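Inspection log for the structure reproduced underneath, given as structure tokens.
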Amino acid sequence: MVATDVDGTLIDEREQVSARTRAAVGALVADGVPFVLATGRPPRWIAPVVSGLDHAPLCVCGNGAVVYDSATDRILEASTLEPAELTWIAALAERILPGCGLAAERVGRSAHDAATPQFVSSPEYEHAWLNPDDTRVSRAEVVSAPAIKMLIRLRGAESADMVAALAPELADRADLTYSTNNGLIEVSAPGVTKASGLATVAERLGVGHESIIAFGDMPNDVPMLLMAGHGVAMANAHPAALAAADEVTGTNAADGVACVLERWWR
């Protein structure tokens, strides 16, 4: 099985799948090898990647919290933080990281489930990137329903410093990671990582962890790179991902994923 992160890994600097990468993925799929996206993105942000691949794979979304079938537009599994835990985490974050804003990512039965507001944020939350799907609500509403992850944003801070401050206080009550160093960290249910989500997919497909090739570039990819039989970091990767990998390939702009896959599939 081949699993890859999306941003900074599979897609290039224009957020597109290159023709070379599309061809490499097409060759392995034609050979009967399962191909999986493993991303921090929610299911609703998967469609442009699927369109660029010309293949609708199983996806591990929300840093491992969701298994999503992009071919049928169905959420197959979801691990959530319940309101009581969200409330506790929110209070802790506001104490440790004063001035931070809070947001919650939720899922329904499909990628665009109209019955479920999928992204809600408090008035203090400032986006680290464009998010047209945001629903601005009260701080109390952010923590009022189960969420696949809580996002904590502190403008002007570095994500690594935020993790260092908050992680000791979280202990084993939640998993904490980040996919950008631009003052944004992401909190999931305990034990939920890209590795746990990928393990769920591997079990569904009957694939041993030693038979997985995984690609990534950021700290949220580290658990997946470590659990895979062969973990590959991009040349543009964060030092933590580089240290966790068995191999370093080219950058995402230089078709680094395809460079590795073409050893076996052309």
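The way I read the labels, and the way they are meant: chains A, B, ... in the order of the structure tokens, residue 1 as the first residue of every chain, and ligand 1 as the first ligand shown, with later ones counted on from there.
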>> Set the distance at 9 Å and use only C-alpha atoms: which residues neighbour A:Asp221 once local chain neighbours fewer than 6 positions away are removed? I'd like the list as a ChimeraX atom specification.
In response: /A:5,38-39,63,179,193-195,214-215,233,241
>> Show me, as a list in words, the residues that have an atom within 12 Å of A:Gly52 when counting only C-alpha atoms, minus same-chain residues fewer than 2 positions from it.
In response: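 The contact residues come out as Val6, Leu10, Ile11, Asp12, Arg14, Glu15, Gln16, Val17, Ser18, Ala19, Arg20, Thr21, Arg22, Ala23, Val25, Gly26, Ile46, Ala47, Pro48, Val49, Val50, Asp54, His55, Ala56 and Pro57 of chain A.
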> Can you list, as a list in words, every protein, DNA or RNA residue that comes within 7 Å of stretch 87-96 of chain A when you count only C-alpha atoms, leaving out same-chain residues fewer than 6 positions away?
Replying inline: Val143, Ala165 and Leu166 of chain A
Just to be explicit: take each residue in the selection above, keep all heavy atoms, and write the result as a PDB file, in the first residue's frame.
```pdb
ATOM      1  N   VAL A 143     -17.431  24.488  21.306  1.00  0.00           N
ATOM      2  CA  VAL A 143     -17.178  23.267  22.086  1.00  0.00           C
ATOM      3  C   VAL A 143     -18.459  22.495  22.406  1.00  0.00           C
ATOM      4  O   VAL A 143     -18.448  21.591  23.237  1.00  0.00           O
ATOM      5  CB  VAL A 143     -16.432  23.609  23.402  1.00  0.00           C
ATOM      6  CG1 VAL A 143     -15.080  24.232  23.084  1.00  0.00           C
ATOM      7  CG2 VAL A 143     -17.257  24.536  24.283  1.00  0.00           C
ATOM      8  N   ALA A 165       4.452  24.484  24.874  1.00  0.00           N
ATOM      9  CA  ALA A 165       3.793  25.042  26.055  1.00  0.00           C
ATOM     10  C   ALA A 165       2.585  24.208  26.482  1.00  0.00           C
ATOM     11  O   ALA A 165       2.342  24.020  27.677  1.00  0.00           O
ATOM     12  CB  ALA A 165       3.360  26.477  25.771  1.00  0.00           C
ATOM     13  N   LEU A 166       1.829  23.700  25.526  1.00  0.00           N
ATOM     14  CA  LEU A 166       0.562  23.047  25.831  1.00  0.00           C
ATOM     15  C   LEU A 166       0.687  21.549  26.076  1.00  0.00           C
ATOM     16  O   LEU A 166      -0.045  20.983  26.907  1.00  0.00           O
ATOM     17  CB  LEU A 166      -0.420  23.301  24.685  1.00  0.00           C
ATOM     18  CG  LEU A 166      -1.902  22.997  24.932  1.00  0.00           C
ATOM     19  CD1 LEU A 166      -2.433  23.787  26.118  1.00  0.00           C
ATOM     20  CD2 LEU A 166      -2.713  23.296  23.676  1.00  0.00           C
TER      21      LEU A 166
END
```
> Taking only C-alpha atoms into account, which of A:Thr177, A:Thr200, A:Ser138, A:Ser188 comes nearest A:Ala240?
Replying inline: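 Closest residue, counting only C-alpha atoms: A:Thr177.
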Give me the residues near A:Ser79 as a tab-separated table (two decimals) with N, CA, C and O atoms, in the first residue's frame, where near means some atom within 7 Å (using only C-alpha atoms) and where sequence neighbours in that chain fewer than 3 positions away do not count.
```tsv
chain	number	residue	atom	x	y	z
A	65	ALA	N	-8.33	11.19	12.16
A	65	ALA	CA	-9.60	11.07	12.86
A	65	ALA	C	-10.72	10.50	11.99
A	65	ALA	O	-11.71	9.99	12.50
A	66	VAL	N	-10.56	10.58	10.66
A	66	VAL	CA	-11.63	10.19	9.75
A	66	VAL	C	-11.08	9.27	8.66
A	66	VAL	O	-10.01	9.52	8.10
A	148	ILE	N	-13.86	16.34	15.21
A	148	ILE	CA	-12.73	15.45	14.88
A	148	ILE	C	-11.41	16.10	15.30
A	148	ILE	O	-10.44	15.40	15.55
A	189	ALA	N	-8.51	13.44	19.42
A	189	ALA	CA	-8.76	12.49	20.51
A	189	ALA	C	-7.49	11.71	20.81
A	189	ALA	O	-6.63	11.55	19.94
```
